[in-house]
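Student: This structure is in structure tokens; I'll ask about it shortly.
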Amino acid sequence: FANTAWAFATAGVEAPRFFDAIAKAAQSRLGEFNPQDFANTAWAIAAARVDAPGLFDAIAVAAQPRLGHFSTQNLANTAWAFACCDWKKPEFFVALADVTAERLDSLSHKNLSQLYLVSLHFRVEWPEASFPLSQYHRRLKSAYQHLESQPSRLQRDVAVALDRVGWTHVFEYVTAEGLSLDMAQPATKRAVEVDGPCHFAKNPASKTNVVNGSTRFKSRLLRRLGWDVVHVPFFEWDRLETPA
């Protein structure tokens, strides 16, 4: 069922009861898991923003002795998942980073980008602790910024509307940590993020949209870095009767 959970999360399906059931069932069957099963399950549960601390506790214990058998993609996905769910125990991050650092040259840009967010999470949570990937900070940050998306038409429309009401801002502002903000006032650390469909999981029954784990992860990092961010979901903007 690890692959099934991964498929649902990748498709952006919002199915809380399904993911809760997966999390509970997985916890009792971790002894049967291979490295990809660990990575896929952790990634899917984090991406679907399921609250499953017991599962992550169990994965950390079961997976740590086997990290040397993880592929680089498995390592990056697992590290990202634990950071995404706001894991509070630094030891597992250090163990993951130790193994990953030895194979950094074989990681894709996407995996390096994931590891940058993991590194930033570690730095924010444990600023005095040593992290094995810290020496590669510039390289990871470059990979992350390389994969940042281009401004959308919706984003530009919201920016124009903000200009009209007198909210002066920097368009496509990048923080010192490399996180992009759609519109920002750097002096006051206030910002607006325009969230398109890729920021949400959709419930096929109710047709409702729920912020996904990746977007919540970035929002949490920004908040802990002192930013006050207002989000404009695409479906709320689309409902406005007056065009921007």
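Chains: A, B, ... in order of the structure tokens. Residues: from 1 per chain. Ligands: from 1, in order shown.
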Hey, what's within 10 Å of Phe131 (chain A) if we count only C-alpha atoms and toss same-chain stuff fewer than 6 positions away? As a ChimeraX atom specification, please?
Tutor: /A:90-91,93-95,97-98,119,122-123
Student: With only C-alpha atoms as the counted atoms, please give the residues lying no more than 7 Å from Glu14 (chain A), apart from itself and same-chain residues fewer than 2 positions off, as number ranges by chain.
Tutor: A: 12, 16, 201-203
Student: Just the number, please: distance in Å from CA of Leu30 (chain A) to CA of Pro65 (chain A), one decimal.
Tutor: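 Here the two named atoms are 13.1 Å from each other.
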Student: Which of region 32-116 of chain A counts as alpha helix (DSSP H) under DSSP, as a ChimeraX atom specification please?
Tutor: /A:35-47,53-63,72-84,90-101,109-116
Student: Leaving out region 155-159 of chain A and any residue of its chain fewer than 4 positions from it, which residues lie within 12 Å of it when counting only C-alpha atoms, given as a PDB file with all heavy atoms, in the first residue's frame?
Tutor:
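The resulting selection.pdb:
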ATOM      1  N   SER A 149       9.202  28.276  -9.763  1.00  0.00           N
ATOM      2  CA  SER A 149       8.341  28.480 -10.929  1.00  0.00           C
ATOM      3  C   SER A 149       8.296  29.953 -11.338  1.00  0.00           C
ATOM      4  O   SER A 149       8.611  30.848 -10.551  1.00  0.00           O
ATOM      5  CB  SER A 149       6.922  27.985 -10.626  1.00  0.00           C
ATOM      6  OG  SER A 149       6.386  28.683  -9.518  1.00  0.00           O
ATOM      7  N   GLN A 150       7.851  30.178 -12.575  1.00  0.00           N
ATOM      8  CA  GLN A 150       7.716  31.537 -13.098  1.00  0.00           C
ATOM      9  C   GLN A 150       6.376  32.134 -12.661  1.00  0.00           C
ATOM     10  O   GLN A 150       5.426  31.410 -12.363  1.00  0.00           O
ATOM     11  CB  GLN A 150       7.794  31.510 -14.634  1.00  0.00           C
ATOM     12  CG  GLN A 150       9.137  31.047 -15.172  1.00  0.00           C
ATOM     13  CD  GLN A 150      10.272  31.959 -14.740  1.00  0.00           C
ATOM     14  OE1 GLN A 150      10.189  33.179 -14.908  1.00  0.00           O
ATOM     15  NE2 GLN A 150      11.325  31.375 -14.187  1.00  0.00           N
ATOM     16  N   PRO A 151       6.281  33.479 -12.604  1.00  0.00           N
ATOM     17  CA  PRO A 151       5.026  34.119 -12.195  1.00  0.00           C
ATOM     18  C   PRO A 151       3.865  33.730 -13.108  1.00  0.00           C
ATOM     19  O   PRO A 151       4.018  33.656 -14.327  1.00  0.00           O
ATOM     20  CB  PRO A 151       5.338  35.617 -12.306  1.00  0.00           C
ATOM     21  CG  PRO A 151       6.822  35.709 -12.258  1.00  0.00           C
ATOM     22  CD  PRO A 151       7.342  34.457 -12.884  1.00  0.00           C
ATOM     23  N   ASP A 163      -1.640  47.052  -6.381  1.00  0.00           N
ATOM     24  CA  ASP A 163      -1.150  48.380  -6.770  1.00  0.00           C
ATOM     25  C   ASP A 163      -2.287  49.395  -6.805  1.00  0.00           C
ATOM     26  O   ASP A 163      -2.132  50.543  -6.367  1.00  0.00           O
ATOM     27  CB  ASP A 163      -0.477  48.313  -8.149  1.00  0.00           C
ATOM     28  CG  ASP A 163       0.937  47.756  -8.081  1.00  0.00           C
ATOM     29  OD1 ASP A 163       1.585  47.898  -7.028  1.00  0.00           O
ATOM     30  OD2 ASP A 163       1.394  47.171  -9.088  1.00  0.00           O
ATOM     31  N   ARG A 164      -3.434  48.965  -7.294  1.00  0.00           N
ATOM     32  CA  ARG A 164      -4.581  49.868  -7.420  1.00  0.00           C
ATOM     33  C   ARG A 164      -5.086  50.348  -6.067  1.00  0.00           C
ATOM     34  O   ARG A 164      -5.571  51.484  -5.945  1.00  0.00           O
ATOM     35  CB  ARG A 164      -5.712  49.173  -8.176  1.00  0.00           C
ATOM     36  CG  ARG A 164      -5.468  49.046  -9.672  1.00  0.00           C
ATOM     37  CD  ARG A 164      -6.614  48.287 -10.338  1.00  0.00           C
ATOM     38  NE  ARG A 164      -6.400  48.167 -11.777  1.00  0.00           N
ATOM     39  CZ  ARG A 164      -7.135  47.392 -12.574  1.00  0.00           C
ATOM     40  NH1 ARG A 164      -8.140  46.689 -12.050  1.00  0.00           N
ATOM     41  NH2 ARG A 164      -6.882  47.325 -13.858  1.00  0.00           N
ATOM     42  N   VAL A 165      -4.997  49.496  -5.069  1.00  0.00           N
ATOM     43  CA  VAL A 165      -5.480  49.911  -3.735  1.00  0.00           C
ATOM     44  C   VAL A 165      -4.371  50.530  -2.891  1.00  0.00           C
ATOM     45  O   VAL A 165      -4.558  50.831  -1.712  1.00  0.00           O
ATOM     46  CB  VAL A 165      -6.107  48.711  -2.979  1.00  0.00           C
ATOM     47  CG1 VAL A 165      -7.310  48.183  -3.741  1.00  0.00           C
ATOM     48  CG2 VAL A 165      -5.089  47.612  -2.716  1.00  0.00           C
ATOM     49  N   GLY A 166      -3.195  50.705  -3.489  1.00  0.00           N
ATOM     50  CA  GLY A 166      -2.127  51.425  -2.814  1.00  0.00           C
ATOM     51  C   GLY A 166      -1.208  50.590  -1.951  1.00  0.00           C
ATOM     52  O   GLY A 166      -0.443  51.143  -1.150  1.00  0.00           O
ATOM     53  N   TRP A 167      -1.250  49.280  -2.126  1.00  0.00           N
ATOM     54  CA  TRP A 167      -0.351  48.422  -1.340  1.00  0.00           C
ATOM     55  C   TRP A 167       0.931  48.232  -2.155  1.00  0.00           C
ATOM     56  O   TRP A 167       1.035  47.335  -2.993  1.00  0.00           O
ATOM     57  CB  TRP A 167      -0.996  47.071  -1.023  1.00  0.00           C
ATOM     58  CG  TRP A 167      -0.332  46.335   0.104  1.00  0.00           C
ATOM     59  CD1 TRP A 167      -0.447  46.589   1.433  1.00  0.00           C
ATOM     60  CD2 TRP A 167       0.578  45.225  -0.016  1.00  0.00           C
ATOM     61  NE1 TRP A 167       0.319  45.704   2.166  1.00  0.00           N
ATOM     62  CE2 TRP A 167       0.951  44.854   1.308  1.00  0.00           C
ATOM     63  CE3 TRP A 167       1.108  44.510  -1.086  1.00  0.00           C
ATOM     64  CZ2 TRP A 167       1.833  43.814   1.574  1.00  0.00           C
ATOM     65  CZ3 TRP A 167       1.966  43.461  -0.832  1.00  0.00           C
ATOM     66  CH2 TRP A 167       2.336  43.117   0.492  1.00  0.00           C
ATOM     67  N   THR A 168       1.891  49.098  -1.916  1.00  0.00           N
ATOM     68  CA  THR A 168       3.142  49.031  -2.666  1.00  0.00           C
ATOM     69  C   THR A 168       3.939  47.802  -2.234  1.00  0.00           C
ATOM     70  O   THR A 168       3.950  47.434  -1.062  1.00  0.00           O
ATOM     71  CB  THR A 168       3.987  50.292  -2.439  1.00  0.00           C
ATOM     72  OG1 THR A 168       4.233  50.442  -1.042  1.00  0.00           O
ATOM     73  CG2 THR A 168       3.264  51.515  -2.963  1.00  0.00           C
ATOM     74  N   HIS A 169       4.602  47.207  -3.198  1.00  0.00           N
ATOM     75  CA  HIS A 169       5.285  45.947  -2.891  1.00  0.00           C
ATOM     76  C   HIS A 169       6.372  45.660  -3.919  1.00  0.00           C
ATOM     77  O   HIS A 169       6.436  46.286  -4.984  1.00  0.00           O
ATOM     78  CB  HIS A 169       4.272  44.792  -2.893  1.00  0.00           C
ATOM     79  CG  HIS A 169       3.566  44.630  -4.216  1.00  0.00           C
ATOM     80  ND1 HIS A 169       2.377  45.270  -4.491  1.00  0.00           N
ATOM     81  CD2 HIS A 169       3.891  43.925  -5.331  1.00  0.00           C
ATOM     82  CE1 HIS A 169       1.997  44.969  -5.723  1.00  0.00           C
ATOM     83  NE2 HIS A 169       2.900  44.154  -6.248  1.00  0.00           N
ATOM     84  N   VAL A 170       7.208  44.696  -3.571  1.00  0.00           N
ATOM     85  CA  VAL A 170       8.195  44.155  -4.509  1.00  0.00           C
ATOM     86  C   VAL A 170       7.606  42.890  -5.103  1.00  0.00           C
ATOM     87  O   VAL A 170       7.187  41.977  -4.376  1.00  0.00           O
ATOM     88  CB  VAL A 170       9.525  43.829  -3.798  1.00  0.00           C
ATOM     89  CG1 VAL A 170      10.517  43.236  -4.787  1.00  0.00           C
ATOM     90  CG2 VAL A 170      10.092  45.073  -3.140  1.00  0.00           C
ATOM     91  N   PHE A 171       7.546  42.845  -6.423  1.00  0.00           N
ATOM     92  CA  PHE A 171       7.009  41.667  -7.113  1.00  0.00           C
ATOM     93  C   PHE A 171       8.103  40.605  -7.206  1.00  0.00           C
ATOM     94  O   PHE A 171       9.240  40.899  -7.560  1.00  0.00           O
ATOM     95  CB  PHE A 171       6.542  42.079  -8.512  1.00  0.00           C
ATOM     96  CG  PHE A 171       5.821  41.002  -9.278  1.00  0.00           C
ATOM     97  CD1 PHE A 171       4.544  40.607  -8.908  1.00  0.00           C
ATOM     98  CD2 PHE A 171       6.419  40.393 -10.370  1.00  0.00           C
ATOM     99  CE1 PHE A 171       3.872  39.627  -9.616  1.00  0.00           C
ATOM    100  CE2 PHE A 171       5.765  39.412 -11.086  1.00  0.00           C
ATOM    101  CZ  PHE A 171       4.477  39.022 -10.708  1.00  0.00           C
ATOM    102  N   GLU A 172       7.747  39.371  -6.863  1.00  0.00           N
ATOM    103  CA  GLU A 172       8.686  38.248  -6.901  1.00  0.00           C
ATOM    104  C   GLU A 172       9.921  38.528  -6.029  1.00  0.00           C
ATOM    105  O   GLU A 172      11.063  38.510  -6.502  1.00  0.00           O
ATOM    106  CB  GLU A 172       9.116  37.939  -8.344  1.00  0.00           C
ATOM    107  CG  GLU A 172       8.114  37.125  -9.126  1.00  0.00           C
ATOM    108  CD  GLU A 172       8.013  35.677  -8.641  1.00  0.00           C
ATOM    109  OE1 GLU A 172       8.948  34.896  -8.866  1.00  0.00           O
ATOM    110  OE2 GLU A 172       6.975  35.343  -8.032  1.00  0.00           O
ATOM    111  N   LEU A 181       8.638  35.061  -2.604  1.00  0.00           N
ATOM    112  CA  LEU A 181       7.333  35.565  -2.199  1.00  0.00           C
ATOM    113  C   LEU A 181       6.734  36.306  -3.382  1.00  0.00           C
ATOM    114  O   LEU A 181       7.416  37.102  -4.034  1.00  0.00           O
ATOM    115  CB  LEU A 181       7.469  36.501  -0.996  1.00  0.00           C
ATOM    116  CG  LEU A 181       7.827  35.812   0.330  1.00  0.00           C
ATOM    117  CD1 LEU A 181       8.409  36.815   1.311  1.00  0.00           C
ATOM    118  CD2 LEU A 181       6.587  35.145   0.913  1.00  0.00           C
ATOM    119  N   ASP A 182       5.466  36.064  -3.663  1.00  0.00           N
ATOM    120  CA  ASP A 182       4.854  36.646  -4.851  1.00  0.00           C
ATOM    121  C   ASP A 182       4.873  38.172  -4.800  1.00  0.00           C
ATOM    122  O   ASP A 182       5.259  38.836  -5.746  1.00  0.00           O
ATOM    123  CB  ASP A 182       3.418  36.139  -4.998  1.00  0.00           C
ATOM    124  CG  ASP A 182       3.379  34.642  -5.281  1.00  0.00           C
ATOM    125  OD1 ASP A 182       4.395  34.099  -5.739  1.00  0.00           O
ATOM    126  OD2 ASP A 182       2.324  34.029  -5.046  1.00  0.00           O
ATOM    127  N   MET A 183       4.437  38.732  -3.681  1.00  0.00           N
ATOM    128  CA  MET A 183       4.480  40.174  -3.455  1.00  0.00           C
ATOM    129  C   MET A 183       4.886  40.403  -2.011  1.00  0.00           C
ATOM    130  O   MET A 183       4.356  39.733  -1.118  1.00  0.00           O
ATOM    131  CB  MET A 183       3.105  40.825  -3.703  1.00  0.00           C
ATOM    132  CG  MET A 183       2.717  40.960  -5.171  1.00  0.00           C
ATOM    133  SD  MET A 183       2.133  39.427  -5.929  1.00  0.00           S
ATOM    134  CE  MET A 183       0.507  39.281  -5.224  1.00  0.00           C
ATOM    135  N   ALA A 184       5.807  41.335  -1.790  1.00  0.00           N
ATOM    136  CA  ALA A 184       6.308  41.505  -0.427  1.00  0.00           C
ATOM    137  C   ALA A 184       6.673  42.953  -0.131  1.00  0.00           C
ATOM    138  O   ALA A 184       7.035  43.720  -1.025  1.00  0.00           O
ATOM    139  CB  ALA A 184       7.526  40.614  -0.196  1.00  0.00           C
ATOM    140  N   ALA A 191       3.767  39.973   3.364  1.00  0.00           N
ATOM    141  CA  ALA A 191       3.780  39.442   2.000  1.00  0.00           C
ATOM    142  C   ALA A 191       2.424  38.850   1.632  1.00  0.00           C
ATOM    143  O   ALA A 191       1.590  38.546   2.489  1.00  0.00           O
ATOM    144  CB  ALA A 191       4.862  38.378   1.858  1.00  0.00           C
ATOM    145  N   VAL A 192       2.246  38.699   0.326  1.00  0.00           N
ATOM    146  CA  VAL A 192       1.059  38.035  -0.226  1.00  0.00           C
ATOM    147  C   VAL A 192       1.525  36.906  -1.128  1.00  0.00           C
ATOM    148  O   VAL A 192       2.399  37.102  -1.983  1.00  0.00           O
ATOM    149  CB  VAL A 192       0.181  39.023  -1.031  1.00  0.00           C
ATOM    150  CG1 VAL A 192      -0.947  38.280  -1.744  1.00  0.00           C
ATOM    151  CG2 VAL A 192      -0.383  40.104  -0.121  1.00  0.00           C
ATOM    152  N   GLU A 193       0.963  35.738  -0.907  1.00  0.00           N
ATOM    153  CA  GLU A 193       1.231  34.586  -1.765  1.00  0.00           C
ATOM    154  C   GLU A 193      -0.054  34.213  -2.497  1.00  0.00           C
ATOM    155  O   GLU A 193      -1.128  34.080  -1.882  1.00  0.00           O
ATOM    156  CB  GLU A 193       1.698  33.398  -0.922  1.00  0.00           C
ATOM    157  CG  GLU A 193       3.128  33.510  -0.430  1.00  0.00           C
ATOM    158  CD  GLU A 193       4.115  32.984  -1.450  1.00  0.00           C
ATOM    159  OE1 GLU A 193       4.409  33.746  -2.403  1.00  0.00           O
ATOM    160  OE2 GLU A 193       4.594  31.853  -1.298  1.00  0.00           O
ATOM    161  N   VAL A 194       0.041  34.051  -3.810  1.00  0.00           N
ATOM    162  CA  VAL A 194      -1.098  33.659  -4.630  1.00  0.00           C
ATOM    163  C   VAL A 194      -0.998  32.155  -4.872  1.00  0.00           C
ATOM    164  O   VAL A 194      -0.044  31.678  -5.490  1.00  0.00           O
ATOM    165  CB  VAL A 194      -1.105  34.427  -5.963  1.00  0.00           C
ATOM    166  CG1 VAL A 194      -2.316  34.023  -6.798  1.00  0.00           C
ATOM    167  CG2 VAL A 194      -1.104  35.933  -5.711  1.00  0.00           C
ATOM    168  N   ASP A 195      -1.963  31.422  -4.381  1.00  0.00           N
ATOM    169  CA  ASP A 195      -1.892  29.965  -4.408  1.00  0.00           C
ATOM    170  C   ASP A 195      -2.776  29.400  -5.514  1.00  0.00           C
ATOM    171  O   ASP A 195      -4.011  29.409  -5.428  1.00  0.00           O
ATOM    172  CB  ASP A 195      -2.323  29.388  -3.061  1.00  0.00           C
ATOM    173  CG  ASP A 195      -1.362  29.777  -1.940  1.00  0.00           C
ATOM    174  OD1 ASP A 195      -0.192  30.077  -2.245  1.00  0.00           O
ATOM    175  OD2 ASP A 195      -1.788  29.772  -0.762  1.00  0.00           O
ATOM    176  N   GLY A 196      -2.119  28.895  -6.564  1.00  0.00           N
ATOM    177  CA  GLY A 196      -2.826  28.258  -7.665  1.00  0.00           C
ATOM    178  C   GLY A 196      -3.187  26.819  -7.338  1.00  0.00           C
ATOM    179  O   GLY A 196      -2.948  26.342  -6.219  1.00  0.00           O
ATOM    180  N   HIS A 231      -2.487  34.622   2.258  1.00  0.00           N
ATOM    181  CA  HIS A 231      -2.618  33.756   1.087  1.00  0.00           C
ATOM    182  C   HIS A 231      -3.903  34.081   0.319  1.00  0.00           C
ATOM    183  O   HIS A 231      -4.957  34.297   0.921  1.00  0.00           O
ATOM    184  CB  HIS A 231      -2.630  32.288   1.518  1.00  0.00           C
ATOM    185  CG  HIS A 231      -1.306  31.811   2.022  1.00  0.00           C
ATOM    186  ND1 HIS A 231      -0.378  31.177   1.210  1.00  0.00           N
ATOM    187  CD2 HIS A 231      -0.729  31.907   3.248  1.00  0.00           C
ATOM    188  CE1 HIS A 231       0.696  30.888   1.924  1.00  0.00           C
ATOM    189  NE2 HIS A 231       0.511  31.324   3.165  1.00  0.00           N
ATOM    190  N   VAL A 232      -3.778  34.121  -1.001  1.00  0.00           N
ATOM    191  CA  VAL A 232      -4.930  34.343  -1.879  1.00  0.00           C
ATOM    192  C   VAL A 232      -5.139  33.073  -2.699  1.00  0.00           C
ATOM    193  O   VAL A 232      -4.447  32.846  -3.703  1.00  0.00           O
ATOM    194  CB  VAL A 232      -4.697  35.548  -2.815  1.00  0.00           C
ATOM    195  CG1 VAL A 232      -5.909  35.758  -3.727  1.00  0.00           C
ATOM    196  CG2 VAL A 232      -4.415  36.813  -2.011  1.00  0.00           C
ATOM    197  N   PRO A 233      -6.085  32.209  -2.305  1.00  0.00           N
ATOM    198  CA  PRO A 233      -6.336  30.984  -3.073  1.00  0.00           C
ATOM    199  C   PRO A 233      -6.985  31.299  -4.419  1.00  0.00           C
ATOM    200  O   PRO A 233      -7.803  32.223  -4.523  1.00  0.00           O
ATOM    201  CB  PRO A 233      -7.303  30.207  -2.176  1.00  0.00           C
ATOM    202  CG  PRO A 233      -7.208  30.840  -0.824  1.00  0.00           C
ATOM    203  CD  PRO A 233      -6.896  32.278  -1.079  1.00  0.00           C
ATOM    204  N   PHE A 234      -6.639  30.531  -5.420  1.00  0.00           N
ATOM    205  CA  PHE A 234      -7.137  30.790  -6.773  1.00  0.00           C
ATOM    206  C   PHE A 234      -8.656  30.737  -6.837  1.00  0.00           C
ATOM    207  O   PHE A 234      -9.292  31.521  -7.560  1.00  0.00           O
ATOM    208  CB  PHE A 234      -6.531  29.781  -7.761  1.00  0.00           C
ATOM    209  CG  PHE A 234      -7.106  28.387  -7.669  1.00  0.00           C
ATOM    210  CD1 PHE A 234      -8.119  27.976  -8.533  1.00  0.00           C
ATOM    211  CD2 PHE A 234      -6.650  27.489  -6.712  1.00  0.00           C
ATOM    212  CE1 PHE A 234      -8.656  26.701  -8.450  1.00  0.00           C
ATOM    213  CE2 PHE A 234      -7.181  26.216  -6.618  1.00  0.00           C
ATOM    214  CZ  PHE A 234      -8.190  25.817  -7.483  1.00  0.00           C
ATOM    215  N   GLU A 236     -10.858  31.474  -4.539  1.00  0.00           N
ATOM    216  CA  GLU A 236     -11.484  32.663  -3.949  1.00  0.00           C
ATOM    217  C   GLU A 236     -11.366  33.855  -4.881  1.00  0.00           C
ATOM    218  O   GLU A 236     -12.296  34.652  -5.025  1.00  0.00           O
ATOM    219  CB  GLU A 236     -10.860  32.969  -2.580  1.00  0.00           C
ATOM    220  CG  GLU A 236     -11.197  31.942  -1.508  1.00  0.00           C
ATOM    221  CD  GLU A 236     -10.706  32.347  -0.141  1.00  0.00           C
ATOM    222  OE1 GLU A 236     -10.170  33.467  -0.001  1.00  0.00           O
ATOM    223  OE2 GLU A 236     -10.874  31.544   0.803  1.00  0.00           O
ATOM    224  N   TRP A 237     -10.204  33.968  -5.523  1.00  0.00           N
ATOM    225  CA  TRP A 237     -10.028  35.056  -6.488  1.00  0.00           C
ATOM    226  C   TRP A 237     -10.976  34.896  -7.659  1.00  0.00           C
ATOM    227  O   TRP A 237     -11.581  35.870  -8.139  1.00  0.00           O
ATOM    228  CB  TRP A 237      -8.581  35.078  -6.979  1.00  0.00           C
ATOM    229  CG  TRP A 237      -8.270  36.235  -7.879  1.00  0.00           C
ATOM    230  CD1 TRP A 237      -8.226  36.233  -9.238  1.00  0.00           C
ATOM    231  CD2 TRP A 237      -7.952  37.570  -7.480  1.00  0.00           C
ATOM    232  NE1 TRP A 237      -7.913  37.476  -9.714  1.00  0.00           N
ATOM    233  CE2 TRP A 237      -7.726  38.312  -8.643  1.00  0.00           C
ATOM    234  CE3 TRP A 237      -7.839  38.193  -6.239  1.00  0.00           C
ATOM    235  CZ2 TRP A 237      -7.403  39.668  -8.613  1.00  0.00           C
ATOM    236  CZ3 TRP A 237      -7.496  39.543  -6.202  1.00  0.00           C
ATOM    237  CH2 TRP A 237      -7.282  40.247  -7.379  1.00  0.00           C
ATOM    238  N   ASP A 238     -11.158  33.664  -8.125  1.00  0.00           N
ATOM    239  CA  ASP A 238     -12.044  33.396  -9.270  1.00  0.00           C
ATOM    240  C   ASP A 238     -13.492  33.747  -8.962  1.00  0.00           C
ATOM    241  O   ASP A 238     -14.278  34.048  -9.877  1.00  0.00           O
ATOM    242  CB  ASP A 238     -11.967  31.919  -9.678  1.00  0.00           C
ATOM    243  CG  ASP A 238     -10.643  31.562 -10.325  1.00  0.00           C
ATOM    244  OD1 ASP A 238      -9.901  32.499 -10.699  1.00  0.00           O
ATOM    245  OD2 ASP A 238     -10.345  30.361 -10.466  1.00  0.00           O
ATOM    246  N   LEU A 240     -14.524  36.309  -7.282  1.00  0.00           N
ATOM    247  CA  LEU A 240     -14.745  37.753  -7.214  1.00  0.00           C
ATOM    248  C   LEU A 240     -15.497  38.222  -8.450  1.00  0.00           C
ATOM    249  O   LEU A 240     -15.169  37.866  -9.578  1.00  0.00           O
ATOM    250  CB  LEU A 240     -13.412  38.499  -7.109  1.00  0.00           C
ATOM    251  CG  LEU A 240     -12.611  38.273  -5.814  1.00  0.00           C
ATOM    252  CD1 LEU A 240     -11.272  38.998  -5.890  1.00  0.00           C
ATOM    253  CD2 LEU A 240     -13.398  38.743  -4.598  1.00  0.00           C
ATOM    254  N   PRO A 243     -13.545  42.245 -11.850  1.00  0.00           N
ATOM    255  CA  PRO A 243     -12.221  41.848 -12.329  1.00  0.00           C
ATOM    256  C   PRO A 243     -11.140  42.739 -11.762  1.00  0.00           C
ATOM    257  O   PRO A 243     -11.377  43.890 -11.431  1.00  0.00           O
ATOM    258  CB  PRO A 243     -12.341  42.005 -13.851  1.00  0.00           C
ATOM    259  CG  PRO A 243     -13.432  43.006 -14.052  1.00  0.00           C
ATOM    260  CD  PRO A 243     -14.396  42.796 -12.925  1.00  0.00           C
ATOM    261  N   ALA A 244      -9.912  42.172 -11.663  1.00  0.00           N
ATOM    262  CA  ALA A 244      -8.799  42.942 -11.141  1.00  0.00           C
ATOM    263  C   ALA A 244      -8.439  44.064 -12.086  1.00  0.00           C
ATOM    264  O   ALA A 244      -8.586  43.956 -13.293  1.00  0.00           O
ATOM    265  CB  ALA A 244      -7.603  42.011 -10.927  1.00  0.00           C
TER     266      ALA A 244
END
Student: Tell me which protein, DNA and RNA residues are within 10 Å of Ser113 (chain A), counting only C-alpha atoms, leaving out same-chain ones fewer than 3 positions away, and put them as a ChimeraX atom specification.
Tutor: /A:76,80,107-110,116-119,139-148
Student: What's around region 7-11 of chain A at 8 Å? Count only C-alpha atoms, leave out sequence neighbours fewer than 5 positions away in its own chain, and write the answer as a PyMOL selection string.
Tutor: chain A and resi 44-45+47-48
Student: Suppose we keep all heavy atoms; can you now write the selection as a tab-separated table (two decimals), in the first residue's frame?
Tutor:
chain	number	residue	atom	x	y	z
A	44	ALA	N	4.20	10.42	1.20
A	44	ALA	CA	2.77	10.54	0.93
A	44	ALA	C	2.01	11.10	2.14
A	44	ALA	O	1.16	11.98	2.00
A	44	ALA	CB	2.20	9.18	0.54
A	45	ILE	N	2.32	10.60	3.32
A	45	ILE	CA	1.63	11.05	4.53
A	45	ILE	C	1.94	12.52	4.80
A	45	ILE	O	1.06	13.30	5.19
A	45	ILE	CB	2.02	10.17	5.74
A	45	ILE	CG1	1.55	8.72	5.51
A	45	ILE	CG2	1.44	10.72	7.03
A	45	ILE	CD1	0.06	8.55	5.33
A	47	ALA	N	2.95	14.81	2.47
A	47	ALA	CA	2.37	15.61	1.39
A	47	ALA	C	0.86	15.78	1.58
A	47	ALA	O	0.30	16.82	1.23
A	47	ALA	CB	2.66	14.96	0.04
A	48	ALA	N	0.22	14.75	2.13
A	48	ALA	CA	-1.22	14.80	2.37
A	48	ALA	C	-1.55	15.47	3.70
A	48	ALA	O	-2.72	15.54	4.09
A	48	ALA	CB	-1.81	13.39	2.35
